[in-house]
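> Handing you this structure, nothing more for now.
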Amino acid sequence: MALILVTGAASGLGYDTAKALADDGHDVVVHVRNRARLTGTDDTARWKGAVTGDLAELDAIRDVAGQAAEFGRFDAVIHNAGVMNRPEDATVNTVAPYVLTALMEKPARLVYLSSSMHRTGSTDLGRLTDGTASYDDTKLWVTALALAVASRWAGTSSHAVDPGWVPTRMGGRSAPDDLTAGHETQAWLATHRDVTPGTGGYWYHQRTQTPHPAAQDAEFQARLLQALENHTGIPLG
């Protein structure tokens with residue numbers, strides 16, 4: 001049994017991931033934007049606990065990290081929360097996973113939600129602070145973050161996952177991918193004893209793929225981490 005945090009777990013892939021893990025007997029702490037997003041008494045009883053906060057705001061992200069610390073060291077953290085085509089794309093999709101990773105005690109496993117759309121993202125990190133980052137950019141950056149952590153933190157496995165284009169509120173009803181397969185890889189990476197490669201993978205439906213070249217480029221990873229530290233005032237450590 002593992003202690004696992006899932007961000008953005010009020011609905012969609014995050015909720016499905018959290019529910020699957022809890023149903024398998026794991027202690028799951030869910031992150032939601034506010035308490036009203038918790039989905040009822042049955043679900044409330046299912047979770048080990050909940051943390052709340054708007055991941056579009058830096059102070060709230062810090063507070064979420066503090067709330068999470070009250071549960072102790074997590075075995076796994078799944079950075080699922082995300083938004084699309086909004087002004088806060090960069091903050092929710094990239095800055096929040098970075099800040100939570102930097103401020104929380106190192107878990108044994110980290111899983112970051114990417115997207116196939118990261119392949120058309122830009123390496124222009126000026127977009128991080130000037131408000132022009134696209135969804136594709138933010139998913140490239142969070143993929144690079146996942147792989148950067150994998151190369152820097154011995155003892156912590158770190159992976160990025162493309163869940164596919166699935167019929168969630170974000171993906172839309174006509175999305176062609178399988179909703180169940182969309183969350184299975186995250187749960188598997190967080191708990192399975194035999195994952196190969198053990199760290200630094202970019203996954204789609206439990207199979208590795210080759211990500212955008214920049215995501216694996218050590219120089220770009222270093223520039224990204226420096227840009228995120230400059231933007232937030234928080235070093236990765």
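Ligands are numbered from 1 in the order shown, chains are lettered A, B, ... in the order of the structure tokens, and residues start at 1 in each chain.
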Could you please write out, as a PDB file with C-alpha atoms, in the first residue's frame, every residue of region 127-166 of chain A that DSSP assigns to strand (DSSP E or B)?

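The result, written out as states.pdb:
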ATOM      1  CA  SER A 157      11.885   7.775 -10.484  1.00  0.00           C
ATOM      2  CA  SER A 158      10.360  10.430 -12.724  1.00  0.00           C
ATOM      3  CA  HIS A 159       8.290   9.900 -15.849  1.00  0.00           C
ATOM      4  CA  ALA A 160       6.111  11.854 -18.281  1.00  0.00           C
ATOM      5  CA  VAL A 161       2.844  10.427 -19.616  1.00  0.00           C
ATOM      6  CA  ASP A 162       0.780  11.196 -22.686  1.00  0.00           C
TER       7      ASP A 162
END
> Neighbours of region 99-114 of chain A within 9 Å (only C-alpha atoms; same-chain residues fewer than 5 positions away dropped), as a VMD selection string?
chain A and resid 58 61 to 62 64 to 66 68 to 69 72 to 82 93 to 94 138 to 143 145 to 146 149 to 150 153 155 to 163 186 189 to 191 199 202 228 to 229 232 234 to 237
> With N, CA and C atoms retained, export the selected residues as a compact mmCIF listing (two decimals), in the first residue's frame.

# COMPACT_ATOMS: atom_id res chain seq x y z
N LEU A 58 0.59 31.45 -7.52
CA LEU A 58 1.83 30.97 -6.90
C LEU A 58 1.69 30.80 -5.39
N ILE A 61 -0.14 27.65 -4.71
CA ILE A 61 0.68 26.47 -4.96
C ILE A 61 1.56 26.19 -3.75
N ARG A 62 2.16 27.24 -3.21
CA ARG A 62 2.98 27.08 -2.00
C ARG A 62 2.14 26.49 -0.86
N VAL A 64 -0.55 24.64 -1.10
CA VAL A 64 -0.84 23.23 -1.39
C VAL A 64 0.33 22.36 -0.96
N ALA A 65 1.55 22.81 -1.24
CA ALA A 65 2.73 22.05 -0.81
C ALA A 65 2.77 21.92 0.71
N GLY A 66 2.42 22.99 1.41
CA GLY A 66 2.39 22.94 2.87
C GLY A 66 1.32 22.00 3.40
N ALA A 68 0.16 19.40 1.80
CA ALA A 68 0.59 18.04 1.48
C ALA A 68 1.63 17.54 2.48
N ALA A 69 2.48 18.44 2.97
CA ALA A 69 3.53 18.05 3.91
C ALA A 69 2.96 17.48 5.20
N GLY A 72 3.05 13.74 5.48
CA GLY A 72 4.34 13.07 5.48
C GLY A 72 4.86 12.88 4.06
N ARG A 73 5.87 12.04 3.93
CA ARG A 73 6.49 11.80 2.63
C ARG A 73 5.60 10.89 1.79
N PHE A 74 5.31 11.32 0.58
CA PHE A 74 4.52 10.51 -0.34
C PHE A 74 5.39 9.47 -1.03
N ASP A 75 4.81 8.33 -1.29
CA ASP A 75 5.49 7.33 -2.11
C ASP A 75 5.47 7.75 -3.57
N ALA A 76 4.38 8.41 -3.98
CA ALA A 76 4.27 8.85 -5.38
C ALA A 76 3.43 10.12 -5.43
N VAL A 77 3.77 10.99 -6.36
CA VAL A 77 2.99 12.19 -6.66
C VAL A 77 2.69 12.19 -8.15
N ILE A 78 1.43 12.30 -8.48
CA ILE A 78 1.00 12.35 -9.88
C ILE A 78 0.53 13.77 -10.17
N HIS A 79 1.31 14.48 -10.99
CA HIS A 79 0.99 15.86 -11.36
C HIS A 79 0.05 15.84 -12.55
N ASN A 80 -1.23 15.70 -12.24
CA ASN A 80 -2.25 15.55 -13.27
C ASN A 80 -2.91 16.86 -13.66
N ALA A 81 -3.01 17.80 -12.74
CA ALA A 81 -3.79 19.03 -12.97
C ALA A 81 -3.31 19.74 -14.24
N GLY A 82 -4.28 20.21 -15.03
CA GLY A 82 -3.92 20.93 -16.24
C GLY A 82 -5.09 21.71 -16.78
N ASN A 93 0.14 24.26 -15.76
CA ASN A 93 0.70 23.09 -16.44
C ASN A 93 2.19 22.89 -16.19
N THR A 94 2.91 23.97 -15.93
CA THR A 94 4.37 23.86 -15.77
C THR A 94 4.86 24.39 -14.44
N THR A 138 3.63 24.55 -22.85
CA THR A 138 3.65 24.15 -21.45
C THR A 138 3.81 22.64 -21.31
N LYS A 139 3.30 21.89 -22.25
CA LYS A 139 3.44 20.44 -22.17
C LYS A 139 4.84 19.98 -22.59
N LEU A 140 5.48 20.73 -23.49
CA LEU A 140 6.89 20.45 -23.77
C LEU A 140 7.72 20.71 -22.52
N TRP A 141 7.45 21.83 -21.87
CA TRP A 141 8.24 22.20 -20.71
C TRP A 141 8.05 21.23 -19.55
N VAL A 142 6.83 20.78 -19.30
CA VAL A 142 6.63 19.85 -18.19
C VAL A 142 7.22 18.48 -18.51
N THR A 143 7.27 18.13 -19.78
CA THR A 143 7.94 16.89 -20.18
C THR A 143 9.43 17.00 -19.92
N LEU A 145 10.78 18.94 -17.75
CA LEU A 145 10.93 18.95 -16.29
C LEU A 145 10.98 17.53 -15.75
N ALA A 146 10.07 16.68 -16.21
CA ALA A 146 10.05 15.29 -15.74
C ALA A 146 11.37 14.59 -16.02
N VAL A 149 14.29 16.01 -13.83
CA VAL A 149 14.27 15.45 -12.48
C VAL A 149 14.82 14.03 -12.50
N ALA A 150 14.46 13.27 -13.52
CA ALA A 150 14.95 11.89 -13.63
C ALA A 150 16.47 11.83 -13.65
N TRP A 153 17.78 13.47 -9.69
CA TRP A 153 17.41 12.97 -8.37
C TRP A 153 17.56 11.45 -8.31
N GLY A 155 17.35 7.98 -6.69
CA GLY A 155 16.44 7.45 -5.70
C GLY A 155 14.99 7.84 -5.91
N THR A 156 14.74 8.71 -6.89
CA THR A 156 13.37 9.08 -7.26
C THR A 156 13.18 8.80 -8.74
N SER A 157 12.18 8.00 -9.07
CA SER A 157 11.88 7.77 -10.48
C SER A 157 10.95 8.88 -10.96
N SER A 158 11.15 9.32 -12.18
CA SER A 158 10.36 10.43 -12.72
C SER A 158 10.03 10.13 -14.18
N HIS A 159 8.75 10.22 -14.50
CA HIS A 159 8.29 9.90 -15.85
C HIS A 159 7.28 10.94 -16.34
N ALA A 160 7.15 11.05 -17.65
CA ALA A 160 6.11 11.85 -18.28
C ALA A 160 5.16 10.92 -19.01
N VAL A 161 3.87 11.28 -19.02
CA VAL A 161 2.84 10.43 -19.62
C VAL A 161 1.98 11.23 -20.57
N ASP A 162 1.81 10.71 -21.77
CA ASP A 162 0.78 11.20 -22.69
C ASP A 162 -0.44 10.31 -22.48
N PRO A 163 -1.52 10.84 -21.90
CA PRO A 163 -2.68 9.99 -21.64
C PRO A 163 -3.55 9.75 -22.86
N GLN A 186 -0.65 6.13 -15.57
CA GLN A 186 -0.26 6.90 -14.39
C GLN A 186 -0.29 6.04 -13.13
N LEU A 189 2.60 3.46 -13.24
CA LEU A 189 3.92 4.04 -12.95
C LEU A 189 4.07 4.40 -11.48
N ALA A 190 2.97 4.73 -10.83
CA ALA A 190 3.03 5.13 -9.43
C ALA A 190 3.19 3.96 -8.48
N THR A 191 2.84 2.75 -8.93
CA THR A 191 2.76 1.63 -7.99
C THR A 191 3.45 0.34 -8.43
N THR A 199 13.29 5.05 -14.78
CA THR A 199 13.09 6.49 -14.67
C THR A 199 13.37 7.12 -16.03
N TYR A 202 9.10 8.51 -21.37
CA TYR A 202 7.94 9.23 -21.89
C TYR A 202 6.98 8.16 -22.39
N LEU A 228 12.51 28.66 -14.54
CA LEU A 228 11.49 28.41 -13.53
C LEU A 228 11.93 28.93 -12.16
N GLU A 229 13.20 28.77 -11.84
CA GLU A 229 13.70 29.32 -10.57
C GLU A 229 13.63 30.84 -10.58
N THR A 232 9.92 31.93 -10.19
CA THR A 232 9.24 31.65 -8.92
C THR A 232 10.04 32.05 -7.69
N ILE A 234 12.16 29.99 -6.48
CA ILE A 234 12.29 28.71 -5.78
C ILE A 234 13.24 27.81 -6.56
N PRO A 235 14.38 27.43 -5.99
CA PRO A 235 15.28 26.49 -6.67
C PRO A 235 14.77 25.07 -6.57
N LEU A 236 15.13 24.24 -7.54
CA LEU A 236 14.69 22.85 -7.48
C LEU A 236 15.40 22.09 -6.38
N GLY A 237 16.67 22.35 -6.19
CA GLY A 237 17.40 21.66 -5.14
C GLY A 237 17.91 20.30 -5.57
> Using only C-alpha atoms, find the one residue out of A:Ala22, A:Ala218, A:Leu13, A:Val32 that sits nearest to Leu147 (chain A).
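Among A:Ala22, A:Ala218, A:Leu13, A:Val32, it is A:Ala218 that comes nearest to Leu147 (chain A).
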> What's the 12 Å shell around Ala20 (chain A), counting only C-alpha atoms, without same-chain residues fewer than 3 positions away, as a list in words?
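After dropping sequence-adjacent residues, the list is Ile4, Val6, Ala9, Leu13, Gly14, Tyr15, Asp16, Thr17, Asp23, Asp24, Gly25, His26, Asp27, Val28, Asp43, Arg46, Trp47, Thr180, Ala181, Gly182, His183, Glu184, Thr185, Gln186, Ala187, Trp188, Ala190 and Thr191 of chain A.
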> Any idea what the distance is between CA of Val30 (chain A) and CA of Gly49 (chain A)?
6.6 Å
> Which parts of region 97-214 of chain A does DSSP call alpha helix (DSSP H) when run on the backbone here, written out as a count of residues only?
42
> Contacts of Thr129 (chain A) at 10 Å or less, counting only C-alpha atoms, minus same-chain residues fewer than 5 places along, as a ChimeraX atom specification?
/A:90-91,227-228,230-231
> Generate a file of the selected residues that holds N, CA, C and O atoms, formatted as a PDB file, in the first residue's frame.

ATOM      1  N   ALA A  90       0.517  28.261 -18.495  1.00  0.00           N
ATOM      2  CA  ALA A  90       1.907  28.072 -18.063  1.00  0.00           C
ATOM      3  C   ALA A  90       1.988  27.834 -16.561  1.00  0.00           C
ATOM      4  O   ALA A  90       2.767  26.992 -16.092  1.00  0.00           O
ATOM      5  N   THR A  91       1.182  28.558 -15.790  1.00  0.00           N
ATOM      6  CA  THR A  91       1.245  28.419 -14.334  1.00  0.00           C
ATOM      7  C   THR A  91       0.736  27.055 -13.886  1.00  0.00           C
ATOM      8  O   THR A  91       1.391  26.353 -13.112  1.00  0.00           O
ATOM      9  N   ALA A 227      15.018  29.133 -15.695  1.00  0.00           N
ATOM     10  CA  ALA A 227      13.906  30.043 -15.974  1.00  0.00           C
ATOM     11  C   ALA A 227      12.809  29.883 -14.929  1.00  0.00           C
ATOM     12  O   ALA A 227      12.213  30.875 -14.473  1.00  0.00           O
ATOM     13  N   LEU A 228      12.513  28.656 -14.537  1.00  0.00           N
ATOM     14  CA  LEU A 228      11.490  28.413 -13.528  1.00  0.00           C
ATOM     15  C   LEU A 228      11.929  28.934 -12.158  1.00  0.00           C
ATOM     16  O   LEU A 228      11.124  29.496 -11.410  1.00  0.00           O
ATOM     17  N   ASN A 230      14.023  31.463 -11.681  1.00  0.00           N
ATOM     18  CA  ASN A 230      13.954  32.919 -11.779  1.00  0.00           C
ATOM     19  C   ASN A 230      12.514  33.412 -11.675  1.00  0.00           C
ATOM     20  O   ASN A 230      12.229  34.451 -11.067  1.00  0.00           O
ATOM     21  N   HIS A 231      11.604  32.670 -12.273  1.00  0.00           N
ATOM     22  CA  HIS A 231      10.198  33.078 -12.325  1.00  0.00           C
ATOM     23  C   HIS A 231       9.517  32.955 -10.957  1.00  0.00           C
ATOM     24  O   HIS A 231       8.660  33.768 -10.604  1.00  0.00           O
TER      25      HIS A 231
END
> Of the residues A:Val92, A:Ala133, A:Ala10, A:Ala154, which is the one nearest to Gly200 (chain A), using only C-alpha atoms?
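Of all the options, A:Ala154 lies closest to Gly200 (chain A).
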> What is the CA of Val83 (chain A)-CA of Thr120 (chain A) distance in Å, reported with one decimal?
17.0 Å
> Between CA of Glu70 (chain A) and CA of Thr7 (chain A), what distance in Å does the model show, to one decimal?
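Interatomic distance, CA of Glu70 (chain A) to CA of Thr7 (chain A): 15.8 Å.
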> Could you check the closest approach to Gly126 (chain A) for each of A:Leu224, A:Ala2, A:Ala144, A:Ala18 and tell me which residue wins, using only C-alpha atoms?
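Nearest candidate to Gly126 (chain A) out of A:Leu224, A:Ala2, A:Ala144, A:Ala18: A:Leu224.
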> Name all residues at most 8 Å from region 212-214 of chain A (count only C-alpha atoms; drop same-chain ones fewer than 3 positions away) and give them as a compact mmCIF listing (two decimals) with C-alpha atoms, in the first residue's frame.

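Wrote it out as out-v8.txt, contents follow:
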# COMPACT_ATOMS: atom_id res chain seq x y z
CA HIS A 118 4.11 18.82 -26.67
CA ARG A 119 5.75 17.89 -29.98
CA THR A 123 11.70 26.18 -26.63
CA LEU A 140 6.89 20.45 -23.77
CA ALA A 144 11.44 18.35 -20.02
CA ASP A 217 18.34 17.83 -24.18
CA PHE A 220 17.44 22.93 -22.59
CA GLN A 221 16.56 21.20 -19.33
> Taking 3 positions as the minimum chain separation for residues in the same chain, which residues sit within 7 Å of Asn85 (chain A) when counting only C-alpha atoms? Answer as a VMD selection string.
chain A and resid 89 134 to 135
> Can I get the selection written as a tab-separated table (two decimals), in the first residue's frame, with N, CA, C and O atoms?

chain	number	residue	atom	x	y	z
A	89	ASP	N	-2.34	28.78	-18.50
A	89	ASP	CA	-1.76	27.51	-18.96
A	89	ASP	C	-0.36	27.27	-18.38
A	89	ASP	O	-0.07	26.19	-17.86
A	134	SER	N	1.75	28.82	-25.18
A	134	SER	CA	0.62	28.01	-25.62
A	134	SER	C	0.54	26.74	-24.79
A	134	SER	O	1.48	26.38	-24.06
A	135	TYR	N	-0.57	26.05	-24.90
A	135	TYR	CA	-0.72	24.75	-24.25
A	135	TYR	C	0.41	23.82	-24.68
A	135	TYR	O	1.02	23.13	-23.85
